[in-house]
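Quick look at query05.pdb (PDB, C-alpha atoms):
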MODEL        1
ATOM      1  CA  MET A   1     106.352  84.131  46.360
ATOM      2  CA  LYS A   2     107.178  86.030  49.561
ATOM      3  CA  GLN A   3     105.249  83.469  51.648
ATOM      4  CA  GLY A   4     107.180  80.643  49.959
ATOM      5  CA  ILE A   5     110.510  82.246  50.828
ATOM      6  CA  LEU A   6     109.403  82.686  54.435
ATOM      7  CA  ASN A   7     108.305  79.054  54.615
ATOM      8  CA  THR A   8     111.655  77.949  53.196
ATOM      9  CA  LEU A   9     113.574  80.095  55.678
ATOM     10  CA  GLY A  10     111.435  78.777  58.537
ATOM     11  CA  LEU A  11     112.089  75.189  57.481
ATOM     12  CA  ALA A  12     115.828  75.886  57.241
ATOM     13  CA  ALA A  13     115.828  77.322  60.763
ATOM     14  CA  ILE A  14     114.051  74.229  62.099
ATOM     15  CA  VAL A  15     116.540  71.928  60.346
ATOM     16  CA  MET A  16     119.490  73.885  61.753
ATOM     17  CA  ALA A  17     118.022  73.760  65.263
ATOM     18  CA  LEU A  18     117.422  70.023  65.020
ATOM     19  CA  SER A  19     120.957  69.502  63.725
ATOM     20  CA  ALA A  20     122.374  71.494  66.644
ATOM     21  CA  ASN A  21     120.311  69.497  69.138
ATOM     22  CA  THR A  22     121.449  66.239  67.533
ATOM     23  CA  ALA A  23     125.072  67.344  67.750
ATOM     24  CA  ARG A  24     124.666  68.202  71.430
ATOM     25  CA  ALA A  25     122.979  64.877  72.106
ATOM     26  CA  ALA A  26     125.821  63.032  70.391
ATOM     27  CA  ASP A  27     128.449  64.783  72.507
ATOM     28  CA  PRO A  28     129.278  62.481  75.443
ATOM     29  CA  LEU A  29     130.888  65.347  77.356
ATOM     30  CA  PRO A  30     128.601  68.356  76.839
ATOM     31  CA  SER A  31     129.880  70.238  79.906
ATOM     32  CA  TRP A  32     133.429  70.153  78.555
ATOM     33  CA  ASN A  33     134.544  72.945  76.254
ATOM     34  CA  ASP A  34     136.099  71.822  72.996
ATOM     35  CA  GLY A  35     139.869  71.880  73.324
ATOM     36  CA  ALA A  36     143.002  69.824  73.922
ATOM     37  CA  ALA A  37     141.864  68.368  77.264
ATOM     38  CA  LYS A  38     138.535  67.090  75.965
ATOM     39  CA  LYS A  39     140.142  65.753  72.799
ATOM     40  CA  SER A  40     142.800  63.883  74.771
ATOM     41  CA  ILE A  41     140.044  62.077  76.697
ATOM     42  CA  THR A  42     137.893  61.151  73.707
ATOM     43  CA  ASP A  43     140.902  60.101  71.620
ATOM     44  CA  PHE A  44     142.199  57.840  74.380
ATOM     45  CA  VAL A  45     138.830  56.220  75.036
ATOM     46  CA  ALA A  46     138.174  55.696  71.325
ATOM     47  CA  ASN A  47     141.588  54.100  70.795
ATOM     48  CA  VAL A  48     141.447  51.648  73.692
ATOM     49  CA  ALA A  49     137.810  50.665  73.099
ATOM     50  CA  LYS A  50     138.000  49.987  69.348
ATOM     51  CA  GLU A  51     138.865  46.450  68.331
ATOM     52  CA  GLY A  52     141.571  46.371  65.685
ATOM     53  CA  CYS A  53     143.123  49.598  66.950
ATOM     54  CA  PRO A  54     146.803  49.233  67.974
ATOM     55  CA  ASP A  55     145.932  50.622  71.431
ATOM     56  CA  PHE A  56     142.931  48.331  71.979
ATOM     57  CA  VAL A  57     142.558  47.140  75.580
ATOM     58  CA  PRO A  58     140.289  44.220  76.506
ATOM     59  CA  PRO A  59     137.301  45.306  78.643
ATOM     60  CA  ALA A  60     138.540  43.383  81.696
ATOM     61  CA  GLU A  61     141.650  45.566  81.745
ATOM     62  CA  ARG A  62     139.859  48.889  81.269
ATOM     63  CA  ILE A  63     140.236  50.087  84.844
ATOM     64  CA  ALA A  64     139.888  53.791  85.656
ATOM     65  CA  THR A  65     140.610  55.182  89.122
ATOM     66  CA  PHE A  66     139.355  58.525  90.416
ATOM     67  CA  ASP A  67     140.371  60.527  93.441
ATOM     68  CA  ASN A  68     137.326  61.970  95.211
ATOM     69  CA  ASP A  69     138.130  65.211  97.084
ATOM     70  CA  GLY A  70     138.869  67.949  94.554
ATOM     71  CA  THR A  71     138.467  65.569  91.600
ATOM     72  CA  LEU A  72     134.875  64.316  91.741
ATOM     73  CA  TRP A  73     133.534  66.834  94.240
ATOM     74  CA  ALA A  74     134.773  70.067  95.808
ATOM     75  CA  GLU A  75     137.102  70.184  98.800
ATOM     76  CA  GLN A  76     137.131  73.807  99.946
ATOM     77  CA  PRO A  77     137.227  75.438 102.451
ATOM     78  CA  ILE A  78     137.850  72.137 104.292
ATOM     79  CA  TYR A  79     137.471  68.498 103.302
ATOM     80  CA  PHE A  80     133.807  67.590 103.549
ATOM     81  CA  GLN A  81     134.459  64.564 105.720
ATOM     82  CA  PHE A  82     136.214  66.774 108.242
ATOM     83  CA  GLN A  83     133.184  69.094 108.248
ATOM     84  CA  PHE A  84     131.073  66.024 108.968
ATOM     85  CA  ALA A  85     133.381  65.195 111.883
ATOM     86  CA  LEU A  86     133.076  68.713 113.301
ATOM     87  CA  ASP A  87     129.285  68.651 113.009
ATOM     88  CA  ARG A  88     129.192  65.203 114.564
ATOM     89  CA  VAL A  89     131.225  66.323 117.585
ATOM     90  CA  LYS A  90     128.904  69.268 118.129
ATOM     91  CA  ALA A  91     125.894  66.942 117.938
ATOM     92  CA  LEU A  92     127.475  64.584 120.483
ATOM     93  CA  ALA A  93     128.566  67.358 122.857
ATOM     94  CA  PRO A  94     125.435  67.220 125.090
ATOM     95  CA  GLN A  95     126.277  63.573 125.847
ATOM     96  CA  HIS A  96     129.814  64.550 126.862
ATOM     97  CA  PRO A  97     129.744  67.391 129.415
ATOM     98  CA  GLU A  98     133.424  66.698 130.119
ATOM     99  CA  TRP A  99     134.280  68.056 126.664
ATOM    100  CA  LYS A 100     133.605  71.619 127.881
ATOM    101  CA  ASN A 101     136.925  71.507 129.716
ATOM    102  CA  LYS A 102     138.839  69.080 127.496
ATOM    103  CA  GLU A 103     140.978  70.039 124.527
ATOM    104  CA  PRO A 104     140.403  70.177 121.627
ATOM    105  CA  PHE A 105     136.650  69.708 122.096
ATOM    106  CA  ASN A 106     136.256  72.789 124.272
ATOM    107  CA  HIS A 107     137.455  74.981 121.398
ATOM    108  CA  LEU A 108     134.922  73.484 118.987
ATOM    109  CA  ILE A 109     132.072  73.876 121.450
ATOM    110  CA  ALA A 110     133.094  77.507 121.963
ATOM    111  CA  GLY A 111     133.348  78.049 118.211
ATOM    112  CA  ASP A 112     137.053  78.957 118.410
ATOM    113  CA  MET A 113     138.437  77.331 115.268
ATOM    114  CA  LYS A 114     141.738  79.205 115.548
ATOM    115  CA  ALA A 115     142.465  77.639 118.932
ATOM    116  CA  PHE A 116     141.311  74.251 117.665
ATOM    117  CA  LEU A 117     143.560  74.347 114.605
ATOM    118  CA  ALA A 118     146.503  75.389 116.763
ATOM    119  CA  GLY A 119     146.427  71.828 118.085
ATOM    120  CA  GLY A 120     147.416  70.545 114.658
ATOM    121  CA  GLU A 121     147.168  66.876 113.744
ATOM    122  CA  LYS A 122     146.556  65.852 117.362
ATOM    123  CA  SER A 123     143.349  67.886 117.456
ATOM    124  CA  VAL A 124     142.193  66.564 114.101
ATOM    125  CA  MET A 125     142.790  62.950 115.088
ATOM    126  CA  ALA A 126     140.931  63.426 118.374
ATOM    127  CA  VAL A 127     137.880  64.758 116.523
ATOM    128  CA  MET A 128     138.014  62.004 113.915
ATOM    129  CA  ALA A 129     138.192  59.346 116.630
ATOM    130  CA  ALA A 130     135.284  60.832 118.570
ATOM    131  CA  SER A 131     133.086  61.186 115.506
ATOM    132  CA  HIS A 132     133.930  58.004 113.614
ATOM    133  CA  THR A 133     134.463  55.240 116.181
ATOM    134  CA  GLY A 134     132.693  53.303 118.904
ATOM    135  CA  ILE A 135     129.701  52.611 116.677
ATOM    136  CA  THR A 136     128.862  49.863 114.211
ATOM    137  CA  THR A 137     129.451  50.193 110.496
ATOM    138  CA  ASP A 138     125.687  50.139 109.895
ATOM    139  CA  GLU A 139     125.144  52.922 112.442
ATOM    140  CA  PHE A 140     127.906  54.979 110.849
ATOM    141  CA  ASP A 141     126.434  54.534 107.370
ATOM    142  CA  LYS A 142     123.058  55.847 108.574
ATOM    143  CA  ILE A 143     124.644  58.818 110.389
ATOM    144  CA  VAL A 144     126.576  59.840 107.267
ATOM    145  CA  LYS A 145     123.509  59.532 105.023
ATOM    146  CA  ASP A 146     121.406  61.578 107.460
ATOM    147  CA  TRP A 147     124.094  64.284 107.524
ATOM    148  CA  LEU A 148     124.328  64.390 103.739
ATOM    149  CA  ARG A 149     120.560  64.879 103.470
ATOM    150  CA  THR A 150     120.571  67.963 105.686
ATOM    151  CA  ALA A 151     124.022  69.571 105.807
ATOM    152  CA  ARG A 152     124.721  72.518 103.528
ATOM    153  CA  HIS A 153     127.943  73.910 102.167
ATOM    154  CA  PRO A 154     128.812  77.239 103.872
ATOM    155  CA  LYS A 155     129.523  79.102 100.614
ATOM    156  CA  THR A 156     127.030  77.733  98.093
ATOM    157  CA  GLY A 157     124.202  76.536 100.330
ATOM    158  CA  ARG A 158     124.128  73.304  98.330
ATOM    159  CA  ARG A 159     123.978  69.870  99.855
ATOM    160  CA  TYR A 160     127.422  68.312  99.761
ATOM    161  CA  THR A 161     126.359  65.712  97.217
ATOM    162  CA  GLU A 162     125.365  68.625  94.970
ATOM    163  CA  MET A 163     128.942  69.899  95.122
ATOM    164  CA  VAL A 164     129.993  67.230  92.628
ATOM    165  CA  TYR A 165     131.438  68.246  89.274
ATOM    166  CA  GLN A 166     129.076  67.869  86.334
ATOM    167  CA  PRO A 167     131.923  67.356  83.823
ATOM    168  CA  MET A 168     133.277  64.494  85.932
ATOM    169  CA  LEU A 169     129.846  62.881  86.226
ATOM    170  CA  GLU A 170     129.696  62.915  82.425
ATOM    171  CA  LEU A 171     133.203  61.496  82.239
ATOM    172  CA  LEU A 172     132.285  58.607  84.554
ATOM    173  CA  GLU A 173     129.277  57.748  82.394
ATOM    174  CA  TYR A 174     131.304  58.108  79.201
ATOM    175  CA  VAL A 175     134.093  55.732  80.173
ATOM    176  CA  ARG A 176     131.643  53.187  81.602
ATOM    177  CA  ALA A 177     129.684  53.291  78.321
ATOM    178  CA  ASN A 178     132.968  52.314  76.669
ATOM    179  CA  GLY A 179     133.589  49.265  78.808
ATOM    180  CA  PHE A 180     135.546  50.778  81.689
ATOM    181  CA  LYS A 181     135.135  49.769  85.311
ATOM    182  CA  THR A 182     135.384  52.860  87.520
ATOM    183  CA  PHE A 183     136.864  52.947  91.012
ATOM    184  CA  ILE A 184     137.275  55.650  93.624
ATOM    185  CA  VAL A 185     140.780  55.631  95.125
ATOM    186  CA  SER A 186     140.859  58.431  97.657
ATOM    187  CA  GLY A 187     142.323  59.486 100.981
ATOM    188  CA  GLY A 188     138.832  59.879 102.419
ATOM    189  CA  GLY A 189     137.390  57.318 104.792
ATOM    190  CA  VAL A 190     136.182  54.268 102.902
ATOM    191  CA  GLU A 191     132.938  53.872 104.889
ATOM    192  CA  PHE A 192     132.201  57.595 104.576
ATOM    193  CA  MET A 193     132.529  57.499 100.774
ATOM    194  CA  ARG A 194     130.615  54.249 100.414
ATOM    195  CA  ALA A 195     127.610  55.930 102.029
ATOM    196  CA  PHE A 196     127.047  58.087  98.919
ATOM    197  CA  ALA A 197     129.276  56.871  96.082
ATOM    198  CA  GLU A 198     126.771  54.585  94.384
ATOM    199  CA  GLN A 199     123.875  57.038  94.372
ATOM    200  CA  THR A 200     126.057  60.035  93.527
ATOM    201  CA  TYR A 201     128.583  58.576  91.074
ATOM    202  CA  GLY A 202     127.208  55.182  90.087
ATOM    203  CA  ILE A 203     130.208  53.547  91.769
ATOM    204  CA  PRO A 204     129.211  50.613  94.025
ATOM    205  CA  PRO A 205     130.729  50.135  97.492
ATOM    206  CA  GLU A 206     133.028  47.318  96.409
ATOM    207  CA  GLN A 207     134.684  49.708  93.931
ATOM    208  CA  VAL A 208     135.586  52.297  96.578
ATOM    209  CA  VAL A 209     139.112  52.220  97.993
ATOM    210  CA  GLY A 210     139.843  54.612 100.842
ATOM    211  CA  SER A 211     141.507  55.109 104.188
ATOM    212  CA  SER A 212     140.201  52.826 106.897
ATOM    213  CA  GLY A 213     140.260  52.255 110.626
ATOM    214  CA  LYS A 214     140.361  48.895 112.320
ATOM    215  CA  LEU A 215     137.116  46.995 112.836
ATOM    216  CA  LYS A 216     136.083  44.552 115.545
ATOM    217  CA  PHE A 217     133.557  41.735 115.214
ATOM    218  CA  GLU A 218     131.101  41.648 118.127
ATOM    219  CA  MET A 219     127.759  40.132 119.089
ATOM    220  CA  ARG A 220     125.242  42.757 120.183
ATOM    221  CA  ASP A 221     121.719  41.709 121.118
ATOM    222  CA  SER A 222     122.537  38.273 119.696
ATOM    223  CA  LYS A 223     123.400  39.790 116.320
ATOM    224  CA  PRO A 224     126.844  40.037 114.699
ATOM    225  CA  VAL A 225     128.120  43.579 114.096
ATOM    226  CA  LEU A 226     131.344  45.277 113.038
ATOM    227  CA  VAL A 227     132.439  48.043 115.414
ATOM    228  CA  LYS A 228     134.653  50.917 114.275
ATOM    229  CA  LEU A 229     137.808  51.273 116.387
ATOM    230  CA  PRO A 230     140.027  54.358 116.792
ATOM    231  CA  GLU A 231     143.159  52.627 115.437
ATOM    232  CA  VAL A 232     144.210  53.337 111.846
ATOM    233  CA  GLN A 233     144.225  50.346 109.491
ATOM    234  CA  PHE A 234     145.291  51.894 106.178
ATOM    235  CA  VAL A 235     145.917  55.404 104.808
ATOM    236  CA  ASP A 236     145.001  55.633 101.127
ATOM    237  CA  ASP A 237     146.965  58.725 100.212
ATOM    238  CA  LYS A 238     150.173  59.454  98.266
ATOM    239  CA  ASP A 239     152.194  56.215  98.013
ATOM    240  CA  GLY A 240     149.321  54.465  99.782
ATOM    241  CA  LYS A 241     147.198  54.829  96.643
ATOM    242  CA  PRO A 242     149.119  52.447  94.368
ATOM    243  CA  ILE A 243     149.398  50.071  97.324
ATOM    244  CA  GLY A 244     145.639  50.290  97.811
ATOM    245  CA  ILE A 245     145.056  49.683  94.106
ATOM    246  CA  GLU A 246     147.210  46.550  94.128
ATOM    247  CA  THR A 247     145.730  45.298  97.400
ATOM    248  CA  PHE A 248     142.029  45.933  96.770
ATOM    249  CA  ILE A 249     141.681  46.045  92.972
ATOM    250  CA  GLY A 250     144.465  43.758  91.782
ATOM    251  CA  ARG A 251     144.857  45.381  88.364
ATOM    252  CA  ARG A 252     146.906  48.399  87.412
ATOM    253  CA  PRO A 253     144.584  51.091  85.985
ATOM    254  CA  ILE A 254     145.016  52.273  82.424
ATOM    255  CA  ALA A 255     143.520  55.667  83.350
ATOM    256  CA  ALA A 256     143.764  57.705  86.552
ATOM    257  CA  PHE A 257     142.297  61.052  87.536
ATOM    258  CA  GLY A 258     143.378  63.326  90.402
ATOM    259  CA  ASN A 259     143.928  66.934  91.403
ATOM    260  CA  SER A 260     146.663  67.177  94.013
ATOM    261  CA  ASP A 261     150.069  66.015  95.206
ATOM    262  CA  GLY A 262     148.262  63.270  97.106
ATOM    263  CA  ASP A 263     147.390  61.712  93.748
ATOM    264  CA  GLN A 264     150.848  61.870  92.180
ATOM    265  CA  GLN A 265     151.901  58.309  92.970
ATOM    266  CA  MET A 266     148.609  56.894  91.671
ATOM    267  CA  LEU A 267     149.076  58.768  88.404
ATOM    268  CA  GLU A 268     152.720  57.702  88.159
ATOM    269  CA  TRP A 269     151.815  54.064  88.831
ATOM    270  CA  THR A 270     149.116  54.164  86.173
ATOM    271  CA  ALA A 271     151.240  55.908  83.549
ATOM    272  CA  ALA A 272     154.162  53.494  84.050
ATOM    273  CA  GLY A 273     152.223  50.475  82.805
ATOM    274  CA  SER A 274     152.594  49.011  79.331
ATOM    275  CA  GLY A 275     150.327  49.900  76.440
ATOM    276  CA  ALA A 276     147.997  52.887  76.223
ATOM    277  CA  ARG A 277     147.896  54.965  79.423
ATOM    278  CA  PHE A 278     146.088  58.126  80.503
ATOM    279  CA  ALA A 279     146.732  60.428  83.459
ATOM    280  CA  LEU A 280     144.721  63.591  84.156
ATOM    281  CA  ILE A 281     144.895  66.344  86.753
ATOM    282  CA  VAL A 282     142.017  68.709  87.515
ATOM    283  CA  HIS A 283     143.495  72.171  88.126
ATOM    284  CA  HIS A 284     141.329  74.496  90.203
ATOM    285  CA  THR A 285     141.584  77.763  88.277
ATOM    286  CA  ASP A 286     138.082  79.227  88.555
ATOM    287  CA  ALA A 287     137.787  81.601  91.510
ATOM    288  CA  LYS A 288     134.420  82.877  90.261
ATOM    289  CA  ARG A 289     132.517  79.612  89.837
ATOM    290  CA  GLU A 290     134.488  77.511  92.326
ATOM    291  CA  TRP A 291     137.949  78.235  93.819
ATOM    292  CA  ALA A 292     141.412  78.969  92.438
ATOM    293  CA  TYR A 293     144.295  77.283  94.264
ATOM    294  CA  ASP A 294     147.318  75.091  93.696
ATOM    295  CA  ARG A 295     150.891  75.335  95.075
ATOM    296  CA  LYS A 296     150.194  77.263  98.290
ATOM    297  CA  SER A 297     146.910  75.692  99.330
ATOM    298  CA  ASP A 298     146.499  73.944 102.680
ATOM    299  CA  VAL A 299     143.725  71.843 101.126
ATOM    300  CA  GLY A 300     144.332  69.987  97.867
ATOM    301  CA  LYS A 301     147.847  71.317  97.308
ATOM    302  CA  LEU A 302     148.969  70.922  93.691
ATOM    303  CA  ASP A 303     152.696  71.486  93.414
ATOM    304  CA  LYS A 304     154.979  68.527  92.651
ATOM    305  CA  ALA A 305     152.235  66.670  90.809
ATOM    306  CA  TRP A 306     151.721  69.697  88.563
ATOM    307  CA  ASP A 307     155.415  69.762  87.681
ATOM    308  CA  GLU A 308     155.305  66.026  87.040
ATOM    309  CA  ALA A 309     152.275  66.412  84.790
ATOM    310  CA  VAL A 310     154.023  69.031  82.682
ATOM    311  CA  ALA A 311     157.216  66.977  82.477
ATOM    312  CA  LYS A 312     155.435  63.731  81.564
ATOM    313  CA  GLY A 313     152.781  65.189  79.270
ATOM    314  CA  TRP A 314     149.792  64.282  81.387
ATOM    315  CA  THR A 315     146.494  66.034  80.645
ATOM    316  CA  VAL A 316     145.929  69.072  82.877
ATOM    317  CA  VAL A 317     142.353  70.363  82.950
ATOM    318  CA  SER A 318     141.749  74.024  83.688
ATOM    319  CA  MET A 319     138.348  74.380  85.334
ATOM    320  CA  LYS A 320     138.047  77.927  84.059
ATOM    321  CA  ASP A 321     138.940  77.163  80.449
ATOM    322  CA  ASP A 322     137.894  73.549  79.943
ATOM    323  CA  TRP A 323     134.619  73.294  81.846
ATOM    324  CA  ALA A 324     131.502  75.022  80.548
ATOM    325  CA  THR A 325     129.675  74.031  83.743
ATOM    326  CA  ILE A 326     131.008  73.271  87.213
ATOM    327  CA  PHE A 327     128.136  71.930  89.309
ATOM    328  CA  PRO A 328     124.954  70.142  88.196
ATOM    329  CA  PRO A 329     121.597  71.908  88.486
ATOM    330  CA  THR A 330     120.134  71.712  91.995
ATOM    331  CA  LYS A 331     117.047  69.543  92.402
TER
ENDMDL
END
Translate this structure into structure tokens?
Amino acid sequence: MKQGILNTLGLAAIVMALSANTARAADPLPSWNDGAAKKSITDFVANVAKEGCPDFVPPAERIATFDNDGTLWAEQPIYFQFQFALDRVKALAPQHPEWKNKEPFNHLIAGDMKAFLAGGEKSVMAVMAASHTGITTDEFDKIVKDWLRTARHPKTGRRYTEMVYQPMLELLEYVRANGFKTFIVSGGGVEFMRAFAEQTYGIPPEQVVGSSGKLKFEMRDSKPVLVKLPEVQFVDDKDGKPIGIETFIGRRPIAAFGNSDGDQQMLEWTAAGSGARFALIVHHTDAKREWAYDRKSDVGKLDKAWDEAVAKGWTVVSMKDDWATIFPPTK
């Protein structure tokens, strides 16, 4: 009798465990805590993807746009592309002995970031030009990929492509499984992001919209190449984002995801369309697992867009409260 009870209890435990595992497997967003933010996402996706539902949207119109810095991957203490530029200048320094006496490069070589930053935008643009131009697009792609394989984040020691957000990776997969086409629309350099977007996010190069410099067609060694020039072609930030969407995508998104004031116009443009619309802001509230910042931050400032989100009823995700996990496991 006692053995029979034990067998029954053991079987019940196994059934409960299997049921729990099945429930976890069925959850498309396992790194999201249950709550209003997660529910708003799943409700929206279910409504627009179900034929016969009043909010149904044909698959061709299911466009979702995602900011990159601070939305798909981290952006502190400085934007990762700018860190790439700094590292690139240091790597090129031996080929440019004149930089030892030329601002702002002399400050970087000496390791004096305070003096470098005192130069403001002029210093930043000089470094971006030196690190991003004068080479072909193919050469640049290889340089970025080589850097991403070896460079490590100063706080976490992770590779930069391991500083992506696990909940957002799940979200990308979830919306694509429901007929969405996902695009990156970000202020970062378009060629920089295209070097990793497909492998990291499953977003192919043709679905990446970003800031760009001018290119020049040349023949080198009897082969055609595109050379990166120092002149700015397009800045995909703030009001540039809806312009970029119209220019390069040609459809207004029905869902947009961002984290800062630089994303406000993209979210406004998306939310203003007819039919079902979804706008979401990632709020960095977790100082322990990531960073906590918003209105006063020099990087990824969230101020006016936060007020707009509250006023318009957009979904605001608290990293601390809504995300069970921040980063994926390291490989």
Checklist entry - What lies within 6 Å of segment 150-166 of chain A using all atoms listed in the file, ignoring chain neighbours under 6 positions off, as a PyMOL selection string? => result chain A and resi 72-74+326-328
Closest-contact table, segment 251-279 of chain A side, partner segment 292-314 of chain A, 6 Å, counting only C-alpha atoms, as a Markdown table:
| residue | atom | partner | partner_atom | distance |
| --- | --- | --- | --- | --- |
| A:Ser260 | CA | A:Leu302 | CA | 4.4 |
| A:Asp261 | CA | A:Ala305 | CA | 4.9 |
| A:Gln264 | CA | A:Ala305 | CA | 5.2 |
| A:Ala279 | CA | A:Trp314 | CA | 5.3 |
Item to check | Contacts of Ala36 of chain A within 9 Å, all atoms listed in the file, excl. fewer than 4 positions in-chain, as a ChimeraX atom specification | outcome: /A:40-41,315,322
Item to check | Selection result of the PyMOL selection byres ((chain A and resi 30) around 10) on this file, as a PyMOL selection string | outcome: chain A and resi 23-29+31-34+166-167+170-171+323-325
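Nearest to Val185 of chain A of all the residues A:Gln233, A:Gln265, A:Thr65, A:Ser123 is A:Thr65, based on all atoms listed in the file.
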Checklist entry - Distance atom CA of Ile135 of chain A-atom CA of Ile203 of chain A, one decimal place? => result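 These atoms are spaced 24.9 Å apart.
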Checklist entry - Taking (137.9, 44.2, 79.1) in the file's coordinates as the center, which residues reach within 12 Å of it, counting all atoms listed in the file, put as a ChimeraX atom specification? => result /A:48-51,56-64,176,178-181,251,253-254
Item to check | Separation of atom CA of Met193 of chain A from atom CA of Pro224 of chain A, in Å and rounded to one decimal | outcome: 23.0 Å
Next on the checklist: I need every residue sitting at most 10 Å from the point (147.7, 57.8, 100.2) (coordinates as in the file, only C-alpha atoms considered), written as a PyMOL selection string.
Outcome noted: chain A and resi 185-188+210-211+234-244+261-266
